[in-house]
$ cat upload_0.tsv   # TSV, C-alpha atoms and all ligand atoms
chain	number	residue	atom	x	y	z
A	18	MET	CA	0.00	0.00	0.00
A	19	ASP	CA	1.15	3.59	-0.54
A	20	ASP	CA	0.82	6.77	1.57
A	21	SER	CA	-2.74	7.43	0.45
A	22	CYS	CA	-4.00	4.11	1.94
A	23	MET	CA	-5.41	3.37	5.40
A	24	PRO	CA	-4.23	-0.01	6.72
A	25	SER	CA	-7.61	-1.16	8.06
A	26	CYS	CA	-9.76	0.10	5.18
A	27	PRO	CA	-11.32	-2.65	3.02
A	28	LEU	CA	-11.65	-0.31	0.02
A	29	CYS	CA	-7.98	0.77	0.21
A	30	ASP	CA	-7.17	-2.93	0.21
A	31	LYS	CA	-9.49	-3.58	-2.76
A	32	VAL	CA	-8.12	-0.68	-4.80
A	33	PHE	CA	-4.54	-1.65	-4.01
A	34	HIS	CA	-5.13	-5.27	-5.10
A	35	TYR	CA	-7.69	-4.67	-7.85
A	36	GLN	CA	-5.57	-6.31	-10.54
A	37	ALA	CA	-5.91	-9.63	-8.70
A	38	LEU	CA	-9.72	-9.51	-8.81
A	39	SER	CA	-11.75	-11.95	-10.85
A	40	ALA	CA	-12.73	-11.08	-14.42
A	41	GLY	CA	-16.34	-10.73	-13.28
A	42	GLU	CA	-15.62	-7.78	-11.06
A	43	LEU	CA	-13.29	-5.14	-12.54
A	44	VAL	CA	-15.09	-2.84	-14.97
A	45	TRP	CA	-12.78	0.12	-15.58
A	46	GLU	CA	-9.61	1.82	-14.39
A	47	PHE	CA	-10.18	5.57	-14.30
A	48	GLY	CA	-7.44	8.04	-13.39
A	49	HIS	CA	-8.85	8.81	-9.92
A	50	SER	CA	-11.07	5.81	-9.33
A	51	ILE	CA	-11.69	2.16	-10.11
A	52	ALA	CA	-15.12	0.84	-11.18
A	53	PHE	CA	-16.34	-2.59	-10.11
A	54	LEU	CA	-19.46	-4.52	-11.01
A	55	GLY	CA	-21.47	-4.65	-7.81
A	56	PRO	CA	-22.79	-7.84	-6.22
A	57	TRP	CA	-26.51	-7.02	-6.44
A	58	GLN	CA	-27.27	-7.62	-10.12
A	59	TYR	CA	-31.00	-7.75	-9.35
A	60	TYR	CA	-30.31	-4.14	-10.41
A	61	PRO	CA	-28.60	-5.06	-13.71
A	62	GLY	CA	-25.57	-2.88	-14.32
A	63	TYR	CA	-25.09	-1.89	-10.69
A	64	CYS	CA	-21.52	-0.64	-10.33
A	65	ILE	CA	-19.37	0.78	-7.55
A	66	VAL	CA	-16.90	3.56	-8.34
A	67	VAL	CA	-14.16	3.68	-5.67
A	68	ALA	CA	-11.68	6.56	-5.30
A	69	ARG	CA	-8.09	5.38	-5.65
A	70	LYS	CA	-7.11	7.41	-2.57
A	71	HIS	CA	-8.53	7.16	0.94
A	72	ILE	CA	-10.72	10.26	0.89
A	73	THR	CA	-13.59	10.51	3.36
A	74	GLU	CA	-15.15	13.91	2.64
A	75	LEU	CA	-15.64	15.92	-0.55
A	76	PHE	CA	-14.15	19.02	1.06
A	77	GLU	CA	-10.84	17.27	1.77
A	78	ILE	CA	-9.76	17.36	-1.87
A	79	SER	CA	-9.05	20.09	-4.38
A	80	SER	CA	-11.72	21.35	-6.69
A	81	ALA	CA	-9.82	19.87	-9.66
A	82	GLU	CA	-9.66	16.41	-8.06
A	83	ARG	CA	-13.32	16.56	-7.02
A	84	SER	CA	-14.29	17.57	-10.51
A	85	ALA	CA	-12.22	14.75	-12.06
A	86	LEU	CA	-13.82	12.20	-9.73
A	87	MET	CA	-17.32	13.41	-10.50
A	88	ASP	CA	-16.55	13.24	-14.23
A	89	GLU	CA	-15.54	9.59	-13.79
A	90	VAL	CA	-18.75	8.83	-11.85
A	91	ALA	CA	-20.73	10.50	-14.64
A	92	GLU	CA	-18.87	8.53	-17.34
A	93	MET	CA	-19.61	5.27	-15.55
A	94	ALA	CA	-23.25	6.25	-15.12
A	95	GLU	CA	-23.54	7.10	-18.82
A	96	ALA	CA	-22.13	3.71	-19.82
A	97	ILE	CA	-24.58	1.95	-17.48
A	98	HIS	CA	-27.39	4.03	-18.91
A	99	GLN	CA	-26.49	3.09	-22.48
A	100	ILE	CA	-26.40	-0.63	-21.68
A	101	VAL	CA	-29.37	-1.19	-19.37
A	102	LYS	CA	-31.51	1.88	-20.16
A	103	PRO	CA	-32.88	2.42	-16.66
A	104	ARG	CA	-35.72	4.73	-15.68
A	105	LYS	CA	-33.24	6.45	-13.34
A	106	ILE	CA	-29.77	5.88	-11.88
A	107	ASN	CA	-29.46	6.26	-8.12
A	108	TYR	CA	-26.13	7.67	-6.96
A	109	GLU	CA	-25.40	6.62	-3.42
A	110	TRP	CA	-22.41	7.56	-1.38
A	111	LEU	CA	-23.07	7.21	2.32
A	112	GLY	CA	-19.83	5.97	3.85
A	113	ASN	CA	-21.40	4.90	7.16
A	114	GLN	CA	-19.91	1.40	6.99
A	115	VAL	CA	-16.80	2.18	4.95
A	116	PRO	CA	-15.97	5.91	4.92
A	117	HIS	CA	-13.60	5.61	1.92
A	118	MET	CA	-15.18	7.65	-0.92
A	119	HIS	CA	-17.20	5.39	-3.23
A	120	TRP	CA	-20.41	5.68	-5.20
A	121	HIS	CA	-22.98	2.97	-5.67
A	122	LEU	CA	-24.59	3.46	-9.07
A	123	PHE	CA	-27.91	1.63	-8.98
A	124	PRO	CA	-29.89	1.58	-12.24
A	125	ARG	CA	-33.57	1.53	-11.30
A	126	GLN	CA	-35.99	0.06	-13.80
A	127	GLU	CA	-39.63	0.88	-14.36
A	128	ASN	CA	-40.71	-2.57	-13.07
A	129	ASP	CA	-38.76	-2.24	-9.80
A	130	PRO	CA	-41.36	-3.11	-7.12
A	131	ASN	CA	-39.76	-0.68	-4.65
A	132	LYS	CA	-38.90	2.08	-7.09
A	133	LEU	CA	-39.60	4.90	-4.66
A	134	LYS	CA	-37.44	3.41	-1.89
A	135	ALA	CA	-33.66	3.41	-1.45
A	136	VAL	CA	-32.08	0.11	-2.53
A	137	TRP	CA	-30.73	-0.46	0.98
A	138	VAL	CA	-34.26	-1.02	2.28
A	139	GLU	CA	-34.50	-4.05	-0.04
A	140	LEU	CA	-31.02	-5.26	0.87
A	141	GLU	CA	-31.41	-4.90	4.63
A	142	ASP	CA	-32.15	-8.53	5.51
A	143	ILE	CA	-29.98	-10.09	2.83
A	144	GLU	CA	-27.46	-11.80	5.12
A	145	SER	CA	-30.15	-13.64	7.08
A	146	ASN	CA	-32.09	-14.68	3.97
A	147	PRO	CA	-30.00	-16.87	1.59
A	148	GLU	CA	-32.85	-17.23	-0.94
A	149	LYS	CA	-33.28	-13.50	-1.23
A	150	LYS	CA	-29.52	-12.99	-1.36
A	151	ALA	CA	-29.23	-15.41	-4.31
A	152	ARG	CA	-32.07	-13.62	-6.12
A	153	MET	CA	-30.47	-10.22	-5.57
A	154	GLU	CA	-27.08	-11.46	-6.82
A	155	PHE	CA	-28.43	-13.20	-9.91
A	156	CYS	CA	-27.13	-11.67	-13.16
A	157	GLU	CA	-29.36	-12.56	-16.09
A	158	ARG	CA	-26.91	-11.21	-18.67
A	159	GLY	CA	-23.84	-12.81	-17.06
A	160	ARG	CA	-21.28	-10.70	-15.21
A	161	ASP	CA	-18.53	-11.09	-17.82
A	162	LYS	CA	-20.84	-10.17	-20.72
A	163	LEU	CA	-22.17	-7.15	-18.85
A	164	ILE	CA	-18.64	-5.97	-18.08
A	165	GLN	CA	-17.61	-6.37	-21.72
A	166	ARG	CA	-20.56	-4.26	-22.86
A	167	LEU	CA	-19.84	-1.56	-20.26
A	168	ARG	CA	-16.19	-1.51	-21.34
A	169	GLY	CA	-17.28	-1.16	-24.94
A	170	CYS	CA	-19.15	2.04	-24.05
A	171	LEU	CA	-16.29	3.39	-21.95
A	172	ASN	CA	-13.78	2.64	-24.71
A	173	LYS	CA	-15.77	4.78	-27.11
A	174	SER	CA	-15.77	7.76	-24.73
A	175	ASN	CA	-12.10	7.53	-23.70
B	1	ZN	ZN	-9.63	3.57	2.26
$ encode --input "upload_0.tsv" --output "structure tokens"
Amino acid sequence: MDDSCMPSCPLCDKVFHYQALSAGELVWEFGHSIAFLGPWQYYPGYCIVVARKHITELFEISSAERSALMDEVAEMAEAIHQIVKPRKINYEWLGNQVPHMHWHLFPRQENDPNKLKAVWVELEDIESNPEKKARMEFCERGRDKLIQRLRGCLNKSN
């Protein structure tokens, strides 16, 4: 790990070792962040954009760095939008569990039964409900195929 990492932070660890991840996880290497395909593909195209540095608050970084990070989040969102054509993308960055700056990009479809609620409401009891967990993780398009399509969009814009 380098100086910008926190030893006990799981996202610092993930970013530092991202090249060792499985093919079904890494989506894109941006300059200031890394994009991963998220586990809950009940929301097809769900990705997580993680800052390369351990940043916990937006005001801790320069305006230029903040702007570059937001551009990367927007690029990822645009690629997701082109592939899965959601009704709306939810951008979630809470940091209550892991304060390291990261955005959950949840594409929400028209047929989402809880479309007015935050995704976390649906995911709340996932660990105690294996059936529901399997349903929420299921990826109809296949993780590798989805990643290839997202990369195709990002390649065109970079
Ligand atoms: Zn961190």
$ residues_near_ligand --input "upload_0.tsv" --ligand "ligand ZN 1 (chain B)" --cutoff "8 Å" --atoms "all atoms listed in the file" --output "PyMOL selection string"
chain A and resi 22-30+70-72+115-118
$ closest_residue --input "upload_0.tsv" --among "A:Gly55, A:Gly159, A:Gly62, A:Gly48" --to "Gln99 of chain A" --atoms "only C-alpha atoms"
A:Gly62
$ closest_residue --input "upload_0.tsv" --among "A:Val66, A:Leu111, A:Ile164, A:Cys156" --to "Glu92 of chain A" --atoms "all atoms listed in the file"
A:Val66
$ atom_distance --input "upload_0.tsv" --atom1 "atom CA of Tyr63 of chain A" --atom2 "atom CA of Phe33 of chain A"
21.6 Å
$ residues_around --input "upload_0.tsv" --residues "Leu43 of chain A" --least-positions-apart "4" --cutoff "9 Å" --atoms "only C-alpha atoms" --output "PyMOL selection string"
chain A and resi 35-36+38-39+51-54+164
$ atom_distance --input "upload_0.tsv" --atom1 "atom CA of Glu82 of chain A" --atom2 "atom CA of Lys31 of chain A"
20.7 Å
$ atom_distance --input "upload_0.tsv" --atom1 "atom CA of Ile143 of chain A" --atom2 "atom CA of Leu122 of chain A"
18.8 Å
$ residues_around --input "upload_0.tsv" --residues "Leu167 of chain A" --least-positions-apart "6" --cutoff "9 Å" --atoms "all atoms listed in the file" --output "list in words"
Val44, Trp45, Gly62, Met93, Ala96, Ile97, Gln99 and Ile100 of chain A
$ closest_residue --input "upload_0.tsv" --among "A:Arg69, A:His34, A:Lys173, A:Lys134" --to "His119 of chain A" --atoms "all atoms listed in the file"
A:Arg69
$ residues_around --input "upload_0.tsv" --residues "Ala85 of chain A" --least-positions-apart "3" --cutoff "10 Å" --atoms "all atoms listed in the file" --output "PDB file with C-alpha atoms, in the coordinates of the input"
ATOM      1  CA  PHE A  47     -10.180   5.570 -14.300  1.00  0.00           C
ATOM      2  CA  GLY A  48      -7.440   8.040 -13.390  1.00  0.00           C
ATOM      3  CA  HIS A  49      -8.850   8.810  -9.920  1.00  0.00           C
ATOM      4  CA  SER A  50     -11.070   5.810  -9.330  1.00  0.00           C
ATOM      5  CA  SER A  79      -9.050  20.090  -4.380  1.00  0.00           C
ATOM      6  CA  SER A  80     -11.720  21.350  -6.690  1.00  0.00           C
ATOM      7  CA  ALA A  81      -9.820  19.870  -9.660  1.00  0.00           C
ATOM      8  CA  GLU A  82      -9.660  16.410  -8.060  1.00  0.00           C
ATOM      9  CA  ASP A  88     -16.550  13.240 -14.230  1.00  0.00           C
ATOM     10  CA  GLU A  89     -15.540   9.590 -13.790  1.00  0.00           C
ATOM     11  CA  VAL A  90     -18.750   8.830 -11.850  1.00  0.00           C
ATOM     12  CA  ALA A  91     -20.730  10.500 -14.640  1.00  0.00           C
TER      13      ALA A  91
END
$ closest_residue --input "upload_0.tsv" --among "A:Glu154, A:Glu74, A:Glu148, A:Glu42" --to "Trp110 of chain A" --atoms "all atoms listed in the file"
A:Glu74
$ residues_near_point --input "upload_0.tsv" --point "(-28.0, -11.3, -1.9)" --cutoff "12 Å" --atoms "all atoms listed in the file" --output "PyMOL selection string"
chain A and resi 55-60+137+139-156
$ residues_near_point --input "upload_0.tsv" --point "(-25.0, 1.3, -9.0)" --cutoff "6 Å" --atoms "only C-alpha atoms" --output "list in words"
Tyr63, Cys64, Ile65, His121, Leu122, Phe123 and Pro124 of chain A
$ build_atoms --input "upload_0.tsv" --residues "segment 158-169 of chain A" --atoms "all heavy atoms" --output "short mmCIF file (atom, residue, chain, number, x, y, z; two decimals), in the coordinates of the input"
data_model
loop_
_atom_site.label_atom_id
_atom_site.label_comp_id
_atom_site.auth_asym_id
_atom_site.auth_seq_id
_atom_site.Cartn_x
_atom_site.Cartn_y
_atom_site.Cartn_z
N ARG A 158 -27.77 -11.39 -17.49
CA ARG A 158 -26.91 -11.21 -18.67
C ARG A 158 -25.55 -11.85 -18.52
O ARG A 158 -24.80 -11.94 -19.47
CB ARG A 158 -26.70 -9.72 -18.94
CG ARG A 158 -27.97 -8.99 -19.28
CD ARG A 158 -27.79 -7.48 -19.08
NE ARG A 158 -29.07 -6.82 -19.05
CZ ARG A 158 -29.46 -5.94 -19.95
NH1 ARG A 158 -28.70 -5.61 -20.94
NH2 ARG A 158 -30.64 -5.39 -19.85
N GLY A 159 -25.18 -12.27 -17.30
CA GLY A 159 -23.84 -12.81 -17.06
C GLY A 159 -22.90 -11.66 -16.74
O GLY A 159 -22.87 -10.66 -17.46
N ARG A 160 -22.15 -11.80 -15.66
CA ARG A 160 -21.28 -10.70 -15.21
C ARG A 160 -20.22 -10.36 -16.27
O ARG A 160 -19.99 -9.19 -16.56
CB ARG A 160 -20.62 -11.07 -13.88
CG ARG A 160 -21.63 -11.22 -12.74
CD ARG A 160 -20.93 -11.57 -11.44
NE ARG A 160 -20.09 -10.48 -10.98
CZ ARG A 160 -20.50 -9.48 -10.21
NH1 ARG A 160 -21.74 -9.44 -9.79
NH2 ARG A 160 -19.66 -8.53 -9.84
N ASP A 161 -19.59 -11.37 -16.85
CA ASP A 161 -18.53 -11.09 -17.82
C ASP A 161 -19.07 -10.36 -19.05
O ASP A 161 -18.47 -9.41 -19.53
CB ASP A 161 -17.84 -12.40 -18.26
CG ASP A 161 -17.03 -13.01 -17.14
OD1 ASP A 161 -16.86 -12.35 -16.09
OD2 ASP A 161 -16.58 -14.16 -17.30
N LYS A 162 -20.23 -10.81 -19.54
CA LYS A 162 -20.84 -10.17 -20.72
C LYS A 162 -21.20 -8.71 -20.42
O LYS A 162 -21.00 -7.82 -21.24
CB LYS A 162 -22.10 -10.93 -21.14
CG LYS A 162 -21.82 -12.04 -22.10
CD LYS A 162 -23.12 -12.55 -22.69
CE LYS A 162 -22.81 -13.78 -23.51
NZ LYS A 162 -23.95 -14.64 -23.69
N LEU A 163 -21.77 -8.51 -19.25
CA LEU A 163 -22.17 -7.15 -18.85
C LEU A 163 -20.94 -6.24 -18.78
O LEU A 163 -20.95 -5.12 -19.28
CB LEU A 163 -22.89 -7.23 -17.50
CG LEU A 163 -23.69 -6.05 -17.01
CD1 LEU A 163 -24.61 -5.47 -18.07
CD2 LEU A 163 -24.49 -6.46 -15.78
N ILE A 164 -19.88 -6.75 -18.19
CA ILE A 164 -18.64 -5.97 -18.08
C ILE A 164 -18.09 -5.65 -19.46
O ILE A 164 -17.67 -4.52 -19.73
CB ILE A 164 -17.61 -6.71 -17.20
CG1 ILE A 164 -18.04 -6.63 -15.73
CG2 ILE A 164 -16.20 -6.14 -17.38
CD1 ILE A 164 -17.20 -7.47 -14.78
N GLN A 165 -18.11 -6.62 -20.36
CA GLN A 165 -17.61 -6.37 -21.72
C GLN A 165 -18.42 -5.26 -22.41
O GLN A 165 -17.85 -4.41 -23.09
CB GLN A 165 -17.64 -7.66 -22.56
CG GLN A 165 -16.62 -8.71 -22.14
CD GLN A 165 -15.21 -8.15 -21.95
OE1 GLN A 165 -14.72 -7.37 -22.75
NE2 GLN A 165 -14.56 -8.53 -20.86
N ARG A 166 -19.72 -5.29 -22.23
CA ARG A 166 -20.56 -4.26 -22.86
C ARG A 166 -20.31 -2.88 -22.24
O ARG A 166 -20.25 -1.87 -22.94
CB ARG A 166 -22.04 -4.64 -22.74
CG ARG A 166 -22.35 -5.92 -23.56
CD ARG A 166 -23.82 -6.15 -23.71
NE ARG A 166 -24.42 -5.10 -24.52
CZ ARG A 166 -25.71 -4.77 -24.46
NH1 ARG A 166 -26.53 -5.43 -23.67
NH2 ARG A 166 -26.19 -3.81 -25.22
N LEU A 167 -20.14 -2.84 -20.92
CA LEU A 167 -19.84 -1.56 -20.26
C LEU A 167 -18.49 -1.03 -20.74
O LEU A 167 -18.34 0.16 -21.03
CB LEU A 167 -19.83 -1.74 -18.73
CG LEU A 167 -21.19 -1.99 -18.09
CD1 LEU A 167 -21.03 -2.47 -16.65
CD2 LEU A 167 -22.05 -0.72 -18.11
N ARG A 168 -17.52 -1.93 -20.86
CA ARG A 168 -16.19 -1.51 -21.34
C ARG A 168 -16.26 -1.00 -22.77
O ARG A 168 -15.56 -0.05 -23.13
CB ARG A 168 -15.20 -2.68 -21.26
CG ARG A 168 -14.75 -2.96 -19.84
CD ARG A 168 -13.78 -4.12 -19.81
NE ARG A 168 -13.41 -4.46 -18.45
CZ ARG A 168 -12.79 -5.58 -18.12
NH1 ARG A 168 -12.48 -6.47 -19.04
NH2 ARG A 168 -12.49 -5.81 -16.86
N GLY A 169 -17.11 -1.62 -23.56
CA GLY A 169 -17.28 -1.16 -24.94
C GLY A 169 -17.74 0.30 -24.99
O GLY A 169 -17.23 1.10 -25.76
#
